[in-house]
Amino acid sequence: MKITISKENYLKTIAEAESEGETVIAATLARWLKVSAPAVTMAIRRLKRDALIRVDPEGHVTLTRSGRAIANRLLNRHHLIERMLSEIFDMEWYKVHDEAEQLEHAVSGDFETKLRERLGNDDACPHGNRVGMDTPEDRRRRGLKPLDEGQVSEALSVESVFERDRALLERLDRLSVRPGAAVSITAASAKHLTVQVDGKRFRIDRPVASRVWVRPTTSNTSR
């Protein structure tokens with residue numbers, strides 16, 4: 001069975017959407033991959049024919065064992081390439097996802113082994129995300145929460161950021177909201193938060209803040 005780049009992309013996207021806590025249906029894949037509904041329908045038909053996915057009567061798409069193995073291989077390679085670009089070539093953290101999306105399909109098993117030997121098995125990519133399945137429930141069990149759930153005067157540390165939105169990453173970088181940054185919430189409303197990072201205060205819309213996962217720290221501020 002030939003595994004094309006298109007099939008790899010669909011399988012990896014299913015795994016990524018699941019990791020973000022989404023129930024995967026055809027519309028989910030169209031939105032994530034920015035392709036038409038007919039294109040998704042054809043892809044689902046091929047993937048089901050190849051026994052790489054299952055589709056239940058309600059249209060929910062899940063990976064078979066074979067499909068999961070392919071998706072995991074791509075996720076691992078993507079993770080290693082992001083780290084290579086950041087740690088070896090010093091590429092900006094907000095650029096490495098798009099580059100890795102292109103390079104992950106061309107990496108051989110030998111090169112993947114060399115990357116793992118060079119970089120080790122660190123858990124986090126430059127965006128702070130773990131390789132493989134890491135659902136919102138998994139993150140909450142580790143004591144994390146989205147920034148938009150933070151409280152006024154709460155001191156927080158940025159742990160990870162949703163990486164599939166380049167415009168979001170660039171905006172957060174300009175605000176110095178990146179993994180490892182110390183953030184404190186100084187005011188909150190229904191639509192946005194006022195946060196302080198590196199001595200600077202700015203407003204951040206709640207939908208943007210919901211894409212940033214943080215960990216409460218031991219020190220609180222009252223500003």
# chains A, B, ... in the order shown; residues from 1 in each chain; ligands from 1

$ select_by_dssp --residues "range 128-223 of chain A" --states "alpha helix (DSSP H)" --output "ChimeraX atom specification"
/A:136-141,166-174,206-209

$ closest_atom_pairs --of "range 93-177 of chain A" --to "range 59-80 of chain A" --cutoff "12 Å" --atoms "only C-alpha atoms" --output "tab-separated table"
residue	atom	partner	partner_atom	distance
A:Val96	CA	A:His78	CA	9.6
A:His97	CA	A:His78	CA	8.0
A:Asp98	CA	A:His78	CA	9.9
A:Glu99	CA	A:His78	CA	9.3
A:Ala100	CA	A:His78	CA	5.5
A:Glu101	CA	A:His78	CA	6.8
A:Gln102	CA	A:His78	CA	9.2
A:Leu103	CA	A:His78	CA	7.9
A:Glu104	CA	A:His78	CA	5.4
A:His105	CA	A:Leu74	CA	7.6
A:Ala106	CA	A:Arg77	CA	9.7
A:Val107	CA	A:Arg77	CA	7.4
A:Ser108	CA	A:Arg77	CA	9.4
A:Gly109	CA	A:Arg77	CA	9.3
A:Asp110	CA	A:Arg77	CA	11.5
A:Phe111	CA	A:Arg77	CA	9.7
A:Glu112	CA	A:Arg77	CA	6.6
A:Thr113	CA	A:Arg77	CA	9.8
A:Lys114	CA	A:Leu80	CA	10.2
A:Leu115	CA	A:Leu80	CA	6.6
A:Arg116	CA	A:Leu80	CA	7.1
A:Glu117	CA	A:Leu80	CA	10.5
A:Arg118	CA	A:Leu80	CA	10.0
A:Leu119	CA	A:Leu80	CA	7.7
A:Gly120	CA	A:Leu80	CA	9.3
A:Asn121	CA	A:Leu80	CA	9.0
A:Asp122	CA	A:Leu80	CA	9.4
A:Asp123	CA	A:His79	CA	9.4
A:Ala124	CA	A:His79	CA	8.3
A:Cys125	CA	A:His79	CA	6.0
A:Pro126	CA	A:His79	CA	8.9
A:His127	CA	A:His79	CA	10.1
A:Gly128	CA	A:His79	CA	10.6
A:Asn129	CA	A:His79	CA	8.9
A:Arg130	CA	A:His79	CA	8.3
A:Val131	CA	A:His79	CA	6.2
A:Gly132	CA	A:Leu75	CA	6.3
A:Met133	CA	A:Asn72	CA	8.9
A:Asp134	CA	A:Leu75	CA	11.9
A:Glu163	CA	A:His79	CA	11.5

$ closest_residue --among "A:Thr13, A:Glu137, A:Asp50, A:Ile3" --to "Trp32 in chain A" --atoms "only C-alpha atoms"
A:Thr13

$ residues_around --residues "Leu172 in chain A" --least-positions-apart "4" --cutoff "10 Å" --atoms "only C-alpha atoms" --output "list in words"
Tyr94, Val161, Arg166, Ala167, Leu168, Ser176, Val177, Arg178, Ile204, Val208, Ala209 and Val212 of chain A

$ closest_atom_pairs --of "range 106-172 of chain A" --to "range 194-201 of chain A" --cutoff "10 Å" --atoms "only C-alpha atoms" --output "JSON lines"
{"residue": "A:Leu147", "atom": "CA", "partner": "A:Val195", "partner_atom": "CA", "distance": 9.9}
{"residue": "A:Val152", "atom": "CA", "partner": "A:Thr194", "partner_atom": "CA", "distance": 8.9}
{"residue": "A:Ser153", "atom": "CA", "partner": "A:Val195", "partner_atom": "CA", "distance": 9.5}
{"residue": "A:Glu154", "atom": "CA", "partner": "A:Val195", "partner_atom": "CA", "distance": 9.9}
{"residue": "A:Ala155", "atom": "CA", "partner": "A:Gln196", "partner_atom": "CA", "distance": 9.6}

$ closest_residue --among "A:Leu33, A:Ala15, A:Ala188, A:Leu85" --to "Ile53 in chain A" --atoms "only C-alpha atoms"
A:Ala15

$ select_by_dssp --residues "chain A" --states "strand (DSSP E or B)" --output "PyMOL selection string"
chain A and resi 53-55+61-63+124+130+145-146+155-161+182-188+192-197+200-205+212-216

$ closest_residue --among "A:Ala39, A:Met91, A:Leu169, A:Thr186" --to "Tyr10 in chain A" --atoms "only C-alpha atoms"
A:Ala39

$ closest_residue --among "A:Ser6, A:Ser36, A:Gln151, A:Thr217" --to "Leu193 in chain A" --atoms "only C-alpha atoms"
A:Gln151

$ decode --residues "range 27-77 of chain A" --atoms "N, CA and C atoms" --output "mmCIF file, in the first residue's frame"
data_model
loop_
_atom_site.group_PDB
_atom_site.id
_atom_site.type_symbol
_atom_site.label_atom_id
_atom_site.label_comp_id
_atom_site.auth_asym_id
_atom_site.auth_seq_id
_atom_site.Cartn_x
_atom_site.Cartn_y
_atom_site.Cartn_z
ATOM 1 N N ALA A 27 -16.012 17.604 8.715
ATOM 2 C CA ALA A 27 -15.898 19.069 8.800
ATOM 3 C C ALA A 27 -14.668 19.491 9.592
ATOM 4 N N THR A 28 -14.291 18.699 10.600
ATOM 5 C CA THR A 28 -13.080 18.984 11.379
ATOM 6 C C THR A 28 -11.856 18.952 10.473
ATOM 7 N N LEU A 29 -11.771 17.927 9.635
ATOM 8 C CA LEU A 29 -10.619 17.800 8.747
ATOM 9 C C LEU A 29 -10.597 18.901 7.697
ATOM 10 N N ALA A 30 -11.755 19.280 7.189
ATOM 11 C CA ALA A 30 -11.815 20.376 6.222
ATOM 12 C C ALA A 30 -11.304 21.667 6.846
ATOM 13 N N ARG A 31 -11.677 21.891 8.098
ATOM 14 C CA ARG A 31 -11.256 23.123 8.790
ATOM 15 C C ARG A 31 -9.765 23.097 9.110
ATOM 16 N N TRP A 32 -9.282 22.001 9.618
ATOM 17 C CA TRP A 32 -7.877 21.924 9.999
ATOM 18 C C TRP A 32 -6.954 21.977 8.779
ATOM 19 N N LEU A 33 -7.337 21.293 7.718
ATOM 20 C CA LEU A 33 -6.479 21.200 6.538
ATOM 21 C C LEU A 33 -6.768 22.275 5.493
ATOM 22 N N LYS A 34 -7.856 23.033 5.728
ATOM 23 C CA LYS A 34 -8.240 24.102 4.802
ATOM 24 C C LYS A 34 -8.445 23.552 3.385
ATOM 25 N N VAL A 35 -9.245 22.490 3.312
ATOM 26 C CA VAL A 35 -9.586 21.897 2.024
ATOM 27 C C VAL A 35 -11.102 21.802 1.926
ATOM 28 N N SER A 36 -11.589 21.492 0.752
ATOM 29 C CA SER A 36 -13.029 21.455 0.510
ATOM 30 C C SER A 36 -13.659 20.187 1.083
ATOM 31 N N ALA A 37 -14.960 20.247 1.308
ATOM 32 C CA ALA A 37 -15.696 19.081 1.801
ATOM 33 C C ALA A 37 -15.602 17.897 0.837
ATOM 34 N N PRO A 38 -15.753 18.106 -0.492
ATOM 35 C CA PRO A 38 -15.610 16.964 -1.407
ATOM 36 C C PRO A 38 -14.226 16.314 -1.344
ATOM 37 N N ALA A 39 -13.193 17.137 -1.164
ATOM 38 C CA ALA A 39 -11.833 16.581 -1.061
ATOM 39 C C ALA A 39 -11.706 15.706 0.184
ATOM 40 N N VAL A 40 -12.297 16.145 1.290
ATOM 41 C CA VAL A 40 -12.263 15.351 2.520
ATOM 42 C C VAL A 40 -13.031 14.051 2.339
ATOM 43 N N THR A 41 -14.174 14.118 1.686
ATOM 44 C CA THR A 41 -14.977 12.918 1.446
ATOM 45 C C THR A 41 -14.184 11.873 0.675
ATOM 46 N N MET A 42 -13.483 12.301 -0.375
ATOM 47 C CA MET A 42 -12.676 11.380 -1.166
ATOM 48 C C MET A 42 -11.529 10.805 -0.343
ATOM 49 N N ALA A 43 -10.888 11.660 0.464
ATOM 50 C CA ALA A 43 -9.764 11.195 1.281
ATOM 51 C C ALA A 43 -10.233 10.177 2.315
ATOM 52 N N ILE A 44 -11.355 10.448 2.953
ATOM 53 C CA ILE A 44 -11.893 9.519 3.942
ATOM 54 C C ILE A 44 -12.206 8.169 3.292
ATOM 55 N N ARG A 45 -12.743 8.215 2.095
ATOM 56 C CA ARG A 45 -13.062 6.976 1.388
ATOM 57 C C ARG A 45 -11.799 6.151 1.147
ATOM 58 N N ARG A 46 -10.723 6.809 0.731
ATOM 59 C CA ARG A 46 -9.469 6.095 0.459
ATOM 60 C C ARG A 46 -8.853 5.550 1.754
ATOM 61 N N LEU A 47 -8.851 6.370 2.796
ATOM 62 C CA LEU A 47 -8.252 5.941 4.061
ATOM 63 C C LEU A 47 -9.027 4.779 4.681
ATOM 64 N N LYS A 48 -10.336 4.810 4.533
ATOM 65 C CA LYS A 48 -11.162 3.706 5.037
ATOM 66 C C LYS A 48 -10.912 2.444 4.222
ATOM 67 N N ARG A 49 -10.798 2.596 2.906
ATOM 68 C CA ARG A 49 -10.508 1.455 2.035
ATOM 69 C C ARG A 49 -9.184 0.794 2.416
ATOM 70 N N ASP A 50 -8.201 1.632 2.801
ATOM 71 C CA ASP A 50 -6.875 1.127 3.156
ATOM 72 C C ASP A 50 -6.781 0.678 4.616
ATOM 73 N N ALA A 51 -7.907 0.676 5.322
ATOM 74 C CA ALA A 51 -7.964 0.236 6.725
ATOM 75 C C ALA A 51 -7.061 1.083 7.633
ATOM 76 N N LEU A 52 -6.994 2.378 7.323
ATOM 77 C CA LEU A 52 -6.200 3.297 8.142
ATOM 78 C C LEU A 52 -7.078 4.102 9.100
ATOM 79 N N ILE A 53 -8.378 4.154 8.824
ATOM 80 C CA ILE A 53 -9.319 4.842 9.706
ATOM 81 C C ILE A 53 -10.592 4.016 9.827
ATOM 82 N N ARG A 54 -11.373 4.355 10.851
ATOM 83 C CA ARG A 54 -12.731 3.839 10.997
ATOM 84 C C ARG A 54 -13.675 5.035 11.012
ATOM 85 N N VAL A 55 -14.859 4.849 10.486
ATOM 86 C CA VAL A 55 -15.889 5.885 10.512
ATOM 87 C C VAL A 55 -17.160 5.253 11.064
ATOM 88 N N ASP A 56 -17.640 5.773 12.195
ATOM 89 C CA ASP A 56 -18.834 5.178 12.795
ATOM 90 C C ASP A 56 -20.094 5.738 12.137
ATOM 91 N N PRO A 57 -21.282 5.219 12.478
ATOM 92 C CA PRO A 57 -22.513 5.680 11.822
ATOM 93 C C PRO A 57 -22.793 7.169 11.983
ATOM 94 N N GLU A 58 -22.246 7.781 13.035
ATOM 95 C CA GLU A 58 -22.440 9.224 13.217
ATOM 96 C C GLU A 58 -21.397 10.058 12.483
ATOM 97 N N GLY A 59 -20.483 9.404 11.775
ATOM 98 C CA GLY A 59 -19.471 10.120 11.010
ATOM 99 C C GLY A 59 -18.205 10.436 11.773
ATOM 100 N N HIS A 60 -18.061 9.901 12.983
ATOM 101 C CA HIS A 60 -16.844 10.140 13.764
ATOM 102 C C HIS A 60 -15.681 9.323 13.200
ATOM 103 N N VAL A 61 -14.567 9.984 12.986
ATOM 104 C CA VAL A 61 -13.401 9.364 12.376
ATOM 105 C C VAL A 61 -12.363 9.053 13.443
ATOM 106 N N THR A 62 -11.889 7.806 13.468
ATOM 107 C CA THR A 62 -10.811 7.419 14.375
ATOM 108 C C THR A 62 -9.769 6.626 13.601
ATOM 109 N N LEU A 63 -8.568 6.585 14.145
ATOM 110 C CA LEU A 63 -7.463 5.877 13.497
ATOM 111 C C LEU A 63 -7.471 4.402 13.872
ATOM 112 N N THR A 64 -7.168 3.543 12.911
ATOM 113 C CA THR A 64 -6.911 2.140 13.206
ATOM 114 C C THR A 64 -5.488 2.028 13.758
ATOM 115 N N ARG A 65 -5.111 0.825 14.158
ATOM 116 C CA ARG A 65 -3.742 0.638 14.664
ATOM 117 C C ARG A 65 -2.715 1.027 13.606
ATOM 118 N N SER A 66 -2.955 0.638 12.354
ATOM 119 C CA SER A 66 -2.018 0.987 11.278
ATOM 120 C C SER A 66 -1.990 2.490 11.041
ATOM 121 N N GLY A 67 -3.174 3.118 11.049
ATOM 122 C CA GLY A 67 -3.240 4.558 10.864
ATOM 123 C C GLY A 67 -2.558 5.312 11.980
ATOM 124 N N ARG A 68 -2.740 4.819 13.213
ATOM 125 C CA ARG A 68 -2.102 5.462 14.369
ATOM 126 C C ARG A 68 -0.585 5.363 14.279
ATOM 127 N N ALA A 69 -0.079 4.209 13.818
ATOM 128 C CA ALA A 69 1.368 4.035 13.697
ATOM 129 C C ALA A 69 1.961 5.040 12.710
ATOM 130 N N ILE A 70 1.282 5.248 11.593
ATOM 131 C CA ILE A 70 1.767 6.222 10.606
ATOM 132 C C ILE A 70 1.704 7.633 11.175
ATOM 133 N N ALA A 71 0.582 7.965 11.815
ATOM 134 C CA ALA A 71 0.447 9.301 12.406
ATOM 135 C C ALA A 71 1.523 9.541 13.452
ATOM 136 N N ASN A 72 1.776 8.557 14.299
ATOM 137 C CA ASN A 72 2.787 8.724 15.343
ATOM 138 C C ASN A 72 4.176 8.912 14.754
ATOM 139 N N ARG A 73 4.466 8.188 13.668
ATOM 140 C CA ARG A 73 5.765 8.357 13.015
ATOM 141 C C ARG A 73 5.934 9.789 12.514
ATOM 142 N N LEU A 74 4.879 10.329 11.910
ATOM 143 C CA LEU A 74 4.946 11.714 11.429
ATOM 144 C C LEU A 74 5.061 12.696 12.572
ATOM 145 N N LEU A 75 4.311 12.481 13.633
ATOM 146 C CA LEU A 75 4.364 13.377 14.788
ATOM 147 C C LEU A 75 5.756 13.380 15.410
ATOM 148 N N ASN A 76 6.371 12.204 15.504
ATOM 149 C CA ASN A 76 7.723 12.119 16.058
ATOM 150 C C ASN A 76 8.730 12.851 15.186
ATOM 151 N N ARG A 77 8.615 12.660 13.874
ATOM 152 C CA ARG A 77 9.546 13.332 12.962
ATOM 153 C C ARG A 77 9.334 14.843 12.997
#
